[in-house]
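What follows is protein.cif (mmCIF, C-alpha atoms and all ligand atoms).
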```
data_work
loop_
_atom_site.group_PDB
_atom_site.id
_atom_site.type_symbol
_atom_site.label_atom_id
_atom_site.label_comp_id
_atom_site.auth_asym_id
_atom_site.auth_seq_id
_atom_site.Cartn_x
_atom_site.Cartn_y
_atom_site.Cartn_z
ATOM 1 C CA MET A 1 0.000 0.000 0.000
ATOM 2 C CA SER A 2 2.718 2.446 -0.941
ATOM 3 C CA ASN A 3 0.331 5.214 -1.986
ATOM 4 C CA ASN A 4 -2.384 4.244 0.513
ATOM 5 C CA ILE A 5 -4.651 3.333 -2.425
ATOM 6 C CA GLU A 6 -2.913 0.273 -3.874
ATOM 7 C CA GLY A 7 -4.349 -2.934 -2.420
ATOM 8 C CA LYS A 8 -7.227 -1.217 -0.628
ATOM 9 C CA ILE A 9 -10.710 -2.716 -0.829
ATOM 10 C CA VAL A 10 -13.127 0.059 -1.783
ATOM 11 C CA VAL A 11 -16.920 -0.321 -1.893
ATOM 12 C CA ILE A 12 -18.746 2.318 -3.951
ATOM 13 C CA THR A 13 -22.524 2.808 -4.111
ATOM 14 C CA GLY A 14 -23.917 4.507 -7.197
ATOM 15 C CA ALA A 15 -21.006 3.228 -9.254
ATOM 16 C CA SER A 16 -22.972 2.906 -12.516
ATOM 17 C CA SER A 17 -22.435 6.516 -13.622
ATOM 18 C CA GLY A 18 -21.066 9.922 -12.729
ATOM 19 C CA LEU A 19 -18.977 10.368 -9.605
ATOM 20 C CA GLY A 20 -19.082 6.732 -8.497
ATOM 21 C CA GLU A 21 -17.993 5.440 -11.882
ATOM 22 C CA ALA A 22 -15.193 8.014 -12.089
ATOM 23 C CA ALA A 23 -13.950 7.097 -8.598
ATOM 24 C CA ALA A 24 -13.990 3.403 -9.508
ATOM 25 C CA ARG A 25 -11.900 3.983 -12.640
ATOM 26 C CA PHE A 26 -9.430 6.285 -10.874
ATOM 27 C CA LEU A 27 -8.897 4.054 -7.842
ATOM 28 C CA SER A 28 -8.705 0.882 -9.927
ATOM 29 C CA ALA A 29 -6.007 2.500 -12.077
ATOM 30 C CA GLN A 30 -4.069 2.966 -8.826
ATOM 31 C CA ARG A 31 -4.555 -0.709 -7.979
ATOM 32 C CA ALA A 32 -7.370 -0.568 -5.453
ATOM 33 C CA SER A 33 -9.889 -3.424 -5.594
ATOM 34 C CA VAL A 34 -13.303 -1.913 -6.247
ATOM 35 C CA VAL A 35 -16.690 -3.352 -5.330
ATOM 36 C CA LEU A 36 -19.370 -1.650 -7.379
ATOM 37 C CA GLY A 37 -23.008 -1.274 -6.323
ATOM 38 C CA ALA A 38 -25.936 0.182 -8.310
ATOM 39 C CA ARG A 39 -29.339 -0.863 -9.631
ATOM 40 C CA ARG A 40 -28.283 -0.811 -13.304
ATOM 41 C CA VAL A 41 -26.365 -4.033 -13.036
ATOM 42 C CA ASP A 42 -25.458 -4.185 -16.743
ATOM 43 C CA ARG A 43 -23.509 -0.962 -16.382
ATOM 44 C CA ILE A 44 -21.525 -2.017 -13.330
ATOM 45 C CA ARG A 45 -20.829 -5.453 -14.839
ATOM 46 C CA THR A 46 -19.480 -3.797 -17.983
ATOM 47 C CA LEU A 47 -17.355 -1.467 -15.865
ATOM 48 C CA ALA A 48 -16.079 -4.353 -13.708
ATOM 49 C CA ASP A 49 -15.192 -6.317 -16.869
ATOM 50 C CA GLU A 50 -13.357 -3.302 -18.268
ATOM 51 C CA LEU A 51 -11.350 -2.776 -15.084
ATOM 52 C CA THR A 52 -10.578 -6.483 -14.746
ATOM 53 C CA GLY A 53 -9.522 -6.528 -18.397
ATOM 54 C CA LYS A 54 -6.938 -3.863 -17.550
ATOM 55 C CA GLY A 55 -5.519 -6.035 -14.766
ATOM 56 C CA GLY A 56 -7.581 -4.594 -11.904
ATOM 57 C CA LYS A 57 -9.755 -6.354 -9.353
ATOM 58 C CA ALA A 58 -13.443 -5.445 -9.523
ATOM 59 C CA LEU A 59 -16.747 -6.932 -8.457
ATOM 60 C CA ALA A 60 -20.248 -5.812 -9.513
ATOM 61 C CA ILE A 61 -23.169 -6.408 -7.157
ATOM 62 C CA LYS A 62 -26.688 -5.261 -7.988
ATOM 63 C CA THR A 63 -27.638 -2.928 -5.130
ATOM 64 C CA ASP A 64 -30.587 -0.697 -4.391
ATOM 65 C CA VAL A 65 -29.481 1.387 -1.409
ATOM 66 C CA THR A 66 -33.055 1.819 -0.213
ATOM 67 C CA HIS A 67 -32.983 -1.872 0.774
ATOM 68 C CA ARG A 68 -30.654 -2.274 3.700
ATOM 69 C CA GLU A 69 -30.203 -6.022 3.182
ATOM 70 C CA GLN A 70 -28.887 -5.273 -0.324
ATOM 71 C CA VAL A 71 -26.368 -2.760 1.022
ATOM 72 C CA GLN A 72 -25.316 -5.332 3.616
ATOM 73 C CA ALA A 73 -24.951 -7.949 0.859
ATOM 74 C CA LEU A 74 -22.740 -5.539 -1.122
ATOM 75 C CA VAL A 75 -20.387 -5.008 1.810
ATOM 76 C CA ASP A 76 -20.481 -8.694 2.786
ATOM 77 C CA ALA A 77 -19.493 -9.603 -0.796
ATOM 78 C CA ALA A 78 -16.470 -7.309 -0.530
ATOM 79 C CA VAL A 79 -15.349 -8.937 2.708
ATOM 80 C CA GLN A 80 -16.053 -12.492 1.515
ATOM 81 C CA THR A 81 -14.145 -11.922 -1.731
ATOM 82 C CA TYR A 82 -11.252 -9.771 -0.582
ATOM 83 C CA GLY A 83 -11.095 -10.424 3.175
ATOM 84 C CA ARG A 84 -11.895 -6.936 4.467
ATOM 85 C CA ILE A 85 -13.289 -3.502 3.616
ATOM 86 C CA ASP A 86 -10.969 -0.501 3.754
ATOM 87 C CA VAL A 87 -13.133 2.259 2.288
ATOM 88 C CA MET A 88 -16.909 2.671 2.016
ATOM 89 C CA ILE A 89 -17.998 5.412 -0.393
ATOM 90 C CA ASN A 90 -21.672 6.237 0.189
ATOM 91 C CA ASN A 91 -22.242 8.035 -3.084
ATOM 92 C CA ALA A 92 -25.632 6.959 -4.529
ATOM 93 C CA GLY A 93 -28.010 9.886 -4.762
ATOM 94 C CA LEU A 94 -30.618 11.703 -6.803
ATOM 95 C CA MET A 95 -31.881 15.271 -7.167
ATOM 96 C CA PRO A 96 -35.479 15.557 -8.418
ATOM 97 C CA GLN A 97 -35.847 19.201 -7.404
ATOM 98 C CA SER A 98 -39.074 21.187 -7.187
ATOM 99 C CA THR A 99 -40.587 23.897 -4.999
ATOM 100 C CA LEU A 100 -42.345 22.594 -1.897
ATOM 101 C CA GLU A 101 -45.718 24.001 -3.009
ATOM 102 C CA ARG A 102 -45.760 21.538 -5.920
ATOM 103 C CA LEU A 103 -46.116 18.772 -3.361
ATOM 104 C CA LYS A 104 -43.951 16.230 -5.215
ATOM 105 C CA ILE A 105 -44.047 14.116 -2.108
ATOM 106 C CA ASP A 106 -42.972 10.904 -3.841
ATOM 107 C CA ASP A 107 -39.799 12.720 -4.928
ATOM 108 C CA TRP A 108 -39.210 13.917 -1.341
ATOM 109 C CA ASP A 109 -39.555 10.326 -0.165
ATOM 110 C CA ARG A 110 -37.128 9.024 -2.796
ATOM 111 C CA MET A 111 -34.502 11.650 -1.909
ATOM 112 C CA ILE A 112 -34.828 10.886 1.792
ATOM 113 C CA ASP A 113 -34.669 7.131 1.126
ATOM 114 C CA VAL A 114 -31.642 7.222 -1.187
ATOM 115 C CA ASN A 115 -29.683 10.296 -0.080
ATOM 116 C CA ILE A 116 -30.098 9.865 3.698
ATOM 117 C CA LYS A 117 -31.209 6.350 4.503
ATOM 118 C CA GLY A 118 -28.962 4.896 1.793
ATOM 119 C CA VAL A 119 -25.968 6.569 3.456
ATOM 120 C CA LEU A 120 -27.024 5.278 6.877
ATOM 121 C CA TYR A 121 -27.442 1.752 5.513
ATOM 122 C CA GLY A 122 -23.930 1.984 4.053
ATOM 123 C CA ILE A 123 -22.565 3.017 7.439
ATOM 124 C CA ALA A 124 -24.535 0.236 9.155
ATOM 125 C CA ALA A 125 -23.121 -2.360 6.771
ATOM 126 C CA ALA A 126 -19.480 -1.254 6.924
ATOM 127 C CA LEU A 127 -19.084 -0.127 10.528
ATOM 128 C CA PRO A 128 -19.100 -3.540 12.285
ATOM 129 C CA TYR A 129 -16.313 -4.783 9.990
ATOM 130 C CA MET A 130 -14.280 -1.595 10.408
ATOM 131 C CA LYS A 131 -14.689 -1.682 14.197
ATOM 132 C CA GLN A 132 -13.399 -5.240 14.225
ATOM 133 C CA GLN A 133 -10.495 -4.346 11.929
ATOM 134 C CA LYS A 134 -9.753 -1.216 13.992
ATOM 135 C CA ALA A 135 -9.271 0.459 10.636
ATOM 136 C CA GLY A 136 -11.352 1.845 7.826
ATOM 137 C CA HIS A 137 -12.499 4.956 6.028
ATOM 138 C CA ILE A 138 -16.093 6.038 5.405
ATOM 139 C CA ILE A 139 -16.545 8.639 2.674
ATOM 140 C CA ASN A 140 -19.987 10.227 2.309
ATOM 141 C CA VAL A 141 -21.090 12.439 -0.554
ATOM 142 C CA SER A 142 -22.870 15.674 0.321
ATOM 143 C CA SER A 143 -22.966 18.730 -1.964
ATOM 144 C CA VAL A 144 -22.631 22.509 -2.078
ATOM 145 C CA ALA A 145 -26.387 22.112 -1.458
ATOM 146 C CA GLY A 146 -25.408 20.606 1.886
ATOM 147 C CA HIS A 147 -24.059 24.054 2.801
ATOM 148 C CA LYS A 148 -26.691 26.275 1.155
ATOM 149 C CA VAL A 149 -30.369 26.233 0.271
ATOM 150 C CA ARG A 150 -32.220 27.888 -2.577
ATOM 151 C CA PRO A 151 -35.876 27.898 -3.702
ATOM 152 C CA GLY A 152 -36.641 24.686 -5.564
ATOM 153 C CA GLY A 153 -33.890 22.746 -3.852
ATOM 154 C CA VAL A 154 -35.200 22.504 -0.304
ATOM 155 C CA VAL A 155 -35.583 18.750 0.155
ATOM 156 C CA TYR A 156 -32.412 17.935 -1.781
ATOM 157 C CA SER A 157 -30.503 20.477 0.344
ATOM 158 C CA ALA A 158 -32.051 19.037 3.499
ATOM 159 C CA THR A 159 -30.832 15.552 2.577
ATOM 160 C CA LYS A 160 -27.340 16.840 1.838
ATOM 161 C CA HIS A 161 -27.244 18.855 5.102
ATOM 162 C CA ALA A 162 -28.228 15.615 6.830
ATOM 163 C CA VAL A 163 -25.310 13.801 5.218
ATOM 164 C CA ARG A 164 -22.916 16.398 6.658
ATOM 165 C CA VAL A 165 -24.424 16.083 10.130
ATOM 166 C CA ILE A 166 -24.286 12.294 9.963
ATOM 167 C CA SER A 167 -20.657 12.441 8.834
ATOM 168 C CA GLU A 168 -19.584 14.802 11.612
ATOM 169 C CA GLY A 169 -21.417 12.787 14.256
ATOM 170 C CA LEU A 170 -19.924 9.590 12.899
ATOM 171 C CA ARG A 171 -16.456 11.162 13.002
ATOM 172 C CA GLN A 172 -16.806 11.853 16.710
ATOM 173 C CA GLU A 173 -18.262 8.459 17.537
ATOM 174 C CA VAL A 174 -15.719 6.267 15.746
ATOM 175 C CA LYS A 175 -12.608 7.781 17.296
ATOM 176 C CA PRO A 176 -12.005 4.674 19.476
ATOM 177 C CA TYR A 177 -11.898 2.440 16.399
ATOM 178 C CA ASN A 178 -9.287 4.263 14.326
ATOM 179 C CA ILE A 179 -11.792 4.880 11.525
ATOM 180 C CA ARG A 180 -11.417 7.873 9.227
ATOM 181 C CA THR A 181 -14.432 9.845 7.976
ATOM 182 C CA THR A 182 -14.645 12.232 5.053
ATOM 183 C CA VAL A 183 -17.579 14.140 3.617
ATOM 184 C CA ILE A 184 -17.099 15.454 0.095
ATOM 185 C CA SER A 185 -19.325 18.302 -1.116
ATOM 186 C CA PRO A 186 -19.009 18.934 -4.855
ATOM 187 C CA GLY A 187 -20.448 21.820 -6.853
ATOM 188 C CA ALA A 188 -21.643 21.295 -10.419
ATOM 189 C CA VAL A 189 -20.006 18.203 -11.864
ATOM 190 C CA ASP A 190 -20.840 16.796 -15.273
ATOM 191 C CA THR A 191 -22.826 13.601 -14.551
ATOM 192 C CA GLU A 192 -26.304 12.198 -15.158
ATOM 193 C CA LEU A 193 -27.601 13.860 -11.967
ATOM 194 C CA PRO A 194 -29.592 16.639 -13.721
ATOM 195 C CA ASN A 195 -31.557 13.886 -15.533
ATOM 196 C CA SER A 196 -33.349 13.173 -12.248
ATOM 197 C CA VAL A 197 -35.018 16.610 -12.418
ATOM 198 C CA THR A 198 -38.501 16.162 -13.903
ATOM 199 C CA GLU A 199 -39.967 19.696 -13.551
ATOM 200 C CA PRO A 200 -39.263 21.437 -16.913
ATOM 201 C CA ASP A 201 -38.643 24.959 -15.554
ATOM 202 C CA ILE A 202 -36.306 23.737 -12.818
ATOM 203 C CA ALA A 203 -34.556 21.406 -15.259
ATOM 204 C CA GLU A 204 -33.893 24.444 -17.480
ATOM 205 C CA ASN A 205 -32.380 26.412 -14.558
ATOM 206 C CA ILE A 206 -30.208 23.477 -13.613
ATOM 207 C CA ARG A 207 -29.123 23.001 -17.214
ATOM 208 C CA LYS A 208 -27.807 26.598 -17.136
ATOM 209 C CA VAL A 209 -25.910 25.983 -13.876
ATOM 210 C CA TYR A 210 -24.416 22.799 -15.323
ATOM 211 C CA GLU A 211 -23.088 24.610 -18.391
ATOM 212 C CA LEU A 212 -19.979 25.273 -16.289
ATOM 213 C CA ALA A 213 -19.841 21.768 -14.788
ATOM 214 C CA ILE A 214 -16.424 20.185 -14.364
ATOM 215 C CA PRO A 215 -15.460 16.553 -15.087
ATOM 216 C CA ALA A 216 -16.312 13.750 -12.650
ATOM 217 C CA GLU A 217 -12.619 12.966 -12.263
ATOM 218 C CA SER A 218 -12.517 16.035 -9.955
ATOM 219 C CA PHE A 219 -14.437 13.925 -7.421
ATOM 220 C CA ALA A 220 -12.125 10.956 -7.901
ATOM 221 C CA ARG A 221 -9.119 13.174 -7.153
ATOM 222 C CA ALA A 222 -10.810 14.449 -3.976
ATOM 223 C CA VAL A 223 -11.385 10.850 -2.850
ATOM 224 C CA ALA A 224 -7.778 9.990 -3.645
ATOM 225 C CA PHE A 225 -6.538 13.033 -1.707
ATOM 226 C CA ALA A 226 -8.381 11.887 1.415
ATOM 227 C CA MET A 227 -7.277 8.273 0.994
ATOM 228 C CA THR A 228 -3.620 8.985 0.321
ATOM 229 C CA GLN A 229 -2.987 10.825 3.570
ATOM 230 C CA PRO A 230 -1.020 8.915 6.192
ATOM 231 C CA GLU A 231 -3.335 6.772 8.345
ATOM 232 C CA ASP A 232 -3.090 9.218 11.268
ATOM 233 C CA VAL A 233 -4.381 12.088 9.109
ATOM 234 C CA ASP A 234 -8.158 12.312 8.782
ATOM 235 C CA ILE A 235 -9.454 14.656 6.068
ATOM 236 C CA ASN A 236 -12.943 15.321 7.397
ATOM 237 C CA GLU A 237 -14.437 17.664 4.848
ATOM 238 C CA ILE A 238 -13.810 18.671 1.245
ATOM 239 C CA LEU A 239 -15.938 21.363 -0.440
ATOM 240 C CA TYR A 240 -15.124 22.168 -4.039
ATOM 241 C CA ARG A 241 -16.754 23.828 -7.053
ATOM 242 C CA PRO A 242 -16.073 24.765 -10.634
ATOM 243 C CA THR A 243 -13.914 27.883 -10.468
ATOM 244 C CA ARG A 244 -16.661 29.837 -12.261
ATOM 245 C CA GLN A 245 -19.540 28.660 -10.060
ATOM 246 C CA GLU A 246 -21.149 31.449 -7.984
ATOM 247 C CA PHE A 247 -23.693 29.401 -5.910
HETATM 248 N N1 LIG B 301 -23.027 15.921 -10.167
HETATM 249 C C1 LIG B 301 -23.068 16.925 -9.322
HETATM 250 O O1 LIG B 301 -23.026 18.091 -9.711
HETATM 251 C C2 LIG B 301 -23.147 16.637 -7.844
HETATM 252 C C3 LIG B 301 -22.893 17.714 -6.978
HETATM 253 C C4 LIG B 301 -22.978 17.488 -5.606
HETATM 254 C C5 LIG B 301 -23.284 16.238 -5.126
HETATM 255 N N2 LIG B 301 -23.532 15.221 -6.010
HETATM 256 C C6 LIG B 301 -23.871 13.912 -5.444
HETATM 257 O O2 LIG B 301 -23.053 12.934 -6.031
HETATM 258 C C7 LIG B 301 -23.667 11.658 -5.908
HETATM 259 C C8 LIG B 301 -23.545 10.922 -7.230
HETATM 260 O O3 LIG B 301 -24.313 11.604 -8.201
HETATM 261 P P1 LIG B 301 -23.803 11.843 -9.690
HETATM 262 O O4 LIG B 301 -23.619 13.295 -9.860
HETATM 263 O O5 LIG B 301 -22.708 10.946 -10.021
HETATM 264 O O6 LIG B 301 -25.140 11.477 -10.498
HETATM 265 P P2 LIG B 301 -25.503 10.246 -11.438
HETATM 266 O O7 LIG B 301 -24.591 10.203 -12.615
HETATM 267 O O8 LIG B 301 -26.971 10.383 -11.692
HETATM 268 O O9 LIG B 301 -25.225 8.988 -10.523
HETATM 269 C C9 LIG B 301 -26.080 8.651 -9.469
HETATM 270 C C10 LIG B 301 -25.747 7.245 -9.041
HETATM 271 O O10 LIG B 301 -26.582 6.909 -7.935
HETATM 272 C C11 LIG B 301 -27.146 5.656 -8.185
HETATM 273 N N3 LIG B 301 -28.429 5.478 -7.531
HETATM 274 C C12 LIG B 301 -29.533 6.246 -7.594
HETATM 275 N N4 LIG B 301 -30.524 5.692 -6.875
HETATM 276 C C13 LIG B 301 -30.010 4.542 -6.347
HETATM 277 C C14 LIG B 301 -30.530 3.522 -5.529
HETATM 278 N N5 LIG B 301 -31.799 3.534 -5.081
HETATM 279 N N6 LIG B 301 -29.717 2.488 -5.187
HETATM 280 C C15 LIG B 301 -28.462 2.440 -5.640
HETATM 281 N N7 LIG B 301 -27.917 3.369 -6.420
HETATM 282 C C16 LIG B 301 -28.696 4.411 -6.767
HETATM 283 C C17 LIG B 301 -27.266 5.537 -9.693
HETATM 284 O O11 LIG B 301 -27.217 4.163 -10.061
HETATM 285 P P3 LIG B 301 -28.473 3.294 -10.585
HETATM 286 O O12 LIG B 301 -29.454 4.260 -11.192
HETATM 287 O O13 LIG B 301 -27.856 2.365 -11.576
HETATM 288 O O14 LIG B 301 -28.970 2.612 -9.364
HETATM 289 C C18 LIG B 301 -25.995 6.230 -10.139
HETATM 290 O O15 LIG B 301 -24.935 5.333 -10.188
HETATM 291 C C19 LIG B 301 -25.097 11.931 -5.467
HETATM 292 O O16 LIG B 301 -25.209 11.673 -4.086
HETATM 293 C C20 LIG B 301 -25.275 13.406 -5.731
HETATM 294 O O17 LIG B 301 -26.240 13.995 -4.905
HETATM 295 C C21 LIG B 301 -23.448 15.388 -7.345
#
```
What is this file in structure tokens?
Amino acid sequence: MSNNIEGKIVVITGASSGLGEAAARFLSAQRASVVLGARRVDRIRTLADELTGKGGKALAIKTDVTHREQVQALVDAAVQTYGRIDVMINNAGLMPQSTLERLKIDDWDRMIDVNIKGVLYGIAAALPYMKQQKAGHIINVSSVAGHKVRPGGVVYSATKHAVRVISEGLRQEVKPYNIRTTVISPGAVDTELPNSVTEPDIAENIRKVYELAIPAESFARAVAFAMTQPEDVDINEILYRPTRQEF
């Protein structure tokens, strides 16, 4: 583990596109073993095949993070196959934004289920192993929207604020177990995320914001920065944006 990435076992939720996929590629290129979870199993299988074809170690496990037994099965598969879990990246998320008065309550439920409960299920699955190992690193994905709120983005922002609170509380609680915790809050990054916006006017606003979006590899580099620190250095929070982004 010369660079603190090589040889590590990294579980990534939401690895079928965007930030998760970019992190998987980046870490695999640096010889981490990656365990990929997402609902679109064809995509993660293709990605795992590609990474394995390049000499990497990769596993694809169909995972819906709203089902805690599936998240547990993802983490269990990592441990059964590779013997341990070093890093858990709770990345799966969606952003179907709308103003509260439109009462898109099913969308609120989905964001709460995936963006908050999915993260908690990831922590629940990984923590017992990491406690036993007395080592590990949990990386949660928040957002600039976890620091700010704007009309139309209330529930999404609330879920991303929750991820920051969960991460900071987790940080304090896991001190006895030598577990590192990082929350990464990106600004506009070029992924499929805007596709989850169904309201036409809000989709148009978001499309404008995403005109300045930066590549998903920016996230992978942030993950690598946190991972590559010496084990006694815990990078707790990373907030980054496109240089031109105002919000
Ligand atoms: N892109 C940005 O500008 C940005 C900025 C700040 C924060 N973020 C956060 O970054 C994370 C990744 O998003 P992204 O930008 O990479 O968007 P993306 O390209 O749409 O990727 C979202 C990922 O989440 C997965 N996912 C969604 N629902 C899921 C579920 N129920 N179970 C398992 N996986 C699920 C999707 O996989 P399947 O559909 O195959 O399940 C997909 O792999 C999200 O938490 C998002 O809020 C993104």
Mind listing the residues within 6 Å of ligand LIG 301 (chain B), only C-alpha atoms and all ligand atoms counted, as a PDB file with C-alpha atoms, in the coordinates of the input?
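result19.pdb, freshly written:
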```
ATOM      1  CA  THR A  13     -22.524   2.808  -4.111  1.00  0.00           C
ATOM      2  CA  GLY A  14     -23.917   4.507  -7.197  1.00  0.00           C
ATOM      3  CA  ALA A  15     -21.006   3.228  -9.254  1.00  0.00           C
ATOM      4  CA  SER A  16     -22.972   2.906 -12.516  1.00  0.00           C
ATOM      5  CA  SER A  17     -22.435   6.516 -13.622  1.00  0.00           C
ATOM      6  CA  GLY A  18     -21.066   9.922 -12.729  1.00  0.00           C
ATOM      7  CA  LEU A  19     -18.977  10.368  -9.605  1.00  0.00           C
ATOM      8  CA  GLY A  20     -19.082   6.732  -8.497  1.00  0.00           C
ATOM      9  CA  ALA A  38     -25.936   0.182  -8.310  1.00  0.00           C
ATOM     10  CA  ARG A  39     -29.339  -0.863  -9.631  1.00  0.00           C
ATOM     11  CA  ARG A  40     -28.283  -0.811 -13.304  1.00  0.00           C
ATOM     12  CA  THR A  63     -27.638  -2.928  -5.130  1.00  0.00           C
ATOM     13  CA  ASP A  64     -30.587  -0.697  -4.391  1.00  0.00           C
ATOM     14  CA  VAL A  65     -29.481   1.387  -1.409  1.00  0.00           C
ATOM     15  CA  THR A  66     -33.055   1.819  -0.213  1.00  0.00           C
ATOM     16  CA  ASN A  91     -22.242   8.035  -3.084  1.00  0.00           C
ATOM     17  CA  ALA A  92     -25.632   6.959  -4.529  1.00  0.00           C
ATOM     18  CA  GLY A  93     -28.010   9.886  -4.762  1.00  0.00           C
ATOM     19  CA  LEU A  94     -30.618  11.703  -6.803  1.00  0.00           C
ATOM     20  CA  VAL A 114     -31.642   7.222  -1.187  1.00  0.00           C
ATOM     21  CA  VAL A 141     -21.090  12.439  -0.554  1.00  0.00           C
ATOM     22  CA  SER A 142     -22.870  15.674   0.321  1.00  0.00           C
ATOM     23  CA  SER A 143     -22.966  18.730  -1.964  1.00  0.00           C
ATOM     24  CA  SER A 185     -19.325  18.302  -1.116  1.00  0.00           C
ATOM     25  CA  PRO A 186     -19.009  18.934  -4.855  1.00  0.00           C
ATOM     26  CA  GLY A 187     -20.448  21.820  -6.853  1.00  0.00           C
ATOM     27  CA  ALA A 188     -21.643  21.295 -10.419  1.00  0.00           C
ATOM     28  CA  VAL A 189     -20.006  18.203 -11.864  1.00  0.00           C
ATOM     29  CA  ASP A 190     -20.840  16.796 -15.273  1.00  0.00           C
ATOM     30  CA  THR A 191     -22.826  13.601 -14.551  1.00  0.00           C
ATOM     31  CA  GLU A 192     -26.304  12.198 -15.158  1.00  0.00           C
ATOM     32  CA  LEU A 193     -27.601  13.860 -11.967  1.00  0.00           C
TER      33      LEU A 193
END
```
Enclose the full set of atoms of region 82-97 of chain A listed in the file within a box whose edges lie along x, y and z, apply 8 Å of padding to each of the six sides, and report centre and edge lengths in Å to one decimal as AutoDock Vina command-line options.
```
--center_x -23.4 --center_y 4.4 --center_z -2.0 --size_x 40.9 --size_y 45.6 --size_z 28.9
```
Around the point (-29.0, 6.4, 2.3) (coordinates from the file), which residues reach within 9 Å if we count only C-alpha atoms? Answer as an NGL selection string.
:A and (65-66 or 68 or 90-93 or 111-123 or 163)
Report the residues retrieved by the PyMOL selection byres (((chain A and resi 199-203) around 8) and not hetatm) from the displayed file, expressed as a list in words.
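On this input, the PyMOL selection byres (((chain A and resi 199-203) around 8) and not hetatm) captures Pro96, Gln97, Ser98, Gly152, Pro194, Val197, Thr198, Glu204, Asn205, Ile206 and Arg207 of chain A.
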Nearest residue to Ala73 (chain A) from the set A:Ala23, A:Val11, A:Ala135, A:Leu239 (distances using only C-alpha atoms):
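Looking only at the distances to Ala73 (chain A), the closest residue turns out to be A:Val11.
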Residue among A:Val155, A:Ile85, A:Ala125, A:Met130 lying closest to Arg110 (chain A), counting only C-alpha atoms
A:Val155
Residues at most 9 Å from Phe247 (chain A), counting all atoms listed in the file, excluding those fewer than 6 positions away in the same chain, as a PyMOL selection string?
chain A and resi 144-145+148+187+209+241
Expanded to explicit residues, what is the PyMOL selection byres (((chain A and resi 47) around 9) and not hetatm) for this file, as a list in words?
Ala15, Ser16, Glu21, Ala24, Arg25, Leu36, Asp42, Arg43, Ile44, Arg45, Thr46, Ala48, Asp49, Glu50, Leu51, Thr52, Ala58 and Ala60 of chain A
For CA of Glu6 (chain A) and CA of Pro128 (chain A), determine how far apart the two atoms are, in Å to one decimal place.
23.2 Å
For the provided coordinates, the residues matched by the PyMOL selection byres (((chain A and resi 220) around 8) and not hetatm) should be stated as a list in words.
Leu19, Ala22, Ala23, Ala24, Phe26, Leu27, Ala216, Glu217, Ser218, Phe219, Arg221, Ala222, Val223 and Ala224 of chain A
Closest to Asp86 (chain A) among A:Asp107, A:Glu246, A:Glu211, A:Glu231, using only C-alpha atoms?
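When distances to Asp86 (chain A) are compared using only C-alpha atoms, the smallest one comes from A:Glu231.
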Kindly indicate which residue among A:Ile89, A:Leu59, A:Ile238, A:Ile138 lies nearest to Val174 (chain A), using only C-alpha atoms for the distances.
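Under the stated criterion, the closest residue is A:Ile138.
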To one decimal place in Å, what is the distance between CA of Ser28 (chain A) and CA of Ala226 (chain A)?
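Separating CA of Ser28 (chain A) from CA of Ala226 (chain A) is a distance of 15.8 Å.
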I'd like the interatomic distance between CA of Ile139 (chain A) and CA of Thr81 (chain A), to a tenth of an Å.
21.2 Å
Selected residue of minimal separation from Leu170 (chain A) among A:Thr99, A:Gln72, A:Thr182, A:Ser196, counting only C-alpha atoms
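Looking only at the distances to Leu170 (chain A), the closest residue turns out to be A:Thr182.
Shortest atom-to-atom contact with Thr228 (chain A) among A:Lys131, A:Ala158, A:Val71, A:Arg180: A:Arg180, counting only C-alpha atoms.
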Because some atoms of region 144-153 of chain A are absent here, can you restore N, CA and C atoms and send them as an mmCIF file, in the frame of the given file?
```
data_model
loop_
_atom_site.group_PDB
_atom_site.id
_atom_site.type_symbol
_atom_site.label_atom_id
_atom_site.label_comp_id
_atom_site.auth_asym_id
_atom_site.auth_seq_id
_atom_site.Cartn_x
_atom_site.Cartn_y
_atom_site.Cartn_z
ATOM 1 N N VAL A 144 -22.520 21.082 -2.425
ATOM 2 C CA VAL A 144 -22.631 22.509 -2.078
ATOM 3 C C VAL A 144 -24.029 22.752 -1.500
ATOM 4 N N ALA A 145 -25.015 22.007 -1.983
ATOM 5 C CA ALA A 145 -26.387 22.112 -1.458
ATOM 6 C C ALA A 145 -26.495 21.589 -0.027
ATOM 7 N N GLY A 146 -25.449 20.983 0.475
ATOM 8 C CA GLY A 146 -25.408 20.606 1.886
ATOM 9 C C GLY A 146 -24.909 21.750 2.755
ATOM 10 N N HIS A 147 -24.514 22.855 2.093
ATOM 11 C CA HIS A 147 -24.059 24.054 2.801
ATOM 12 C C HIS A 147 -25.013 25.226 2.588
ATOM 13 N N LYS A 148 -25.832 25.152 1.541
ATOM 14 C CA LYS A 148 -26.691 26.275 1.155
ATOM 15 C C LYS A 148 -28.055 25.743 0.747
ATOM 16 N N VAL A 149 -29.051 26.615 0.793
ATOM 17 C CA VAL A 149 -30.369 26.233 0.271
ATOM 18 C C VAL A 149 -30.884 27.349 -0.630
ATOM 19 N N ARG A 150 -31.601 26.925 -1.662
ATOM 20 C CA ARG A 150 -32.220 27.888 -2.577
ATOM 21 C C ARG A 150 -33.630 27.416 -2.915
ATOM 22 N N PRO A 151 -34.532 28.334 -3.313
ATOM 23 C CA PRO A 151 -35.876 27.898 -3.702
ATOM 24 C C PRO A 151 -35.808 26.807 -4.762
ATOM 25 N N GLY A 152 -36.619 25.795 -4.601
ATOM 26 C CA GLY A 152 -36.641 24.686 -5.564
ATOM 27 C C GLY A 152 -35.749 23.535 -5.158
ATOM 28 N N GLY A 153 -34.832 23.804 -4.218
ATOM 29 C CA GLY A 153 -33.890 22.746 -3.852
ATOM 30 C C GLY A 153 -33.968 22.355 -2.388
#
```
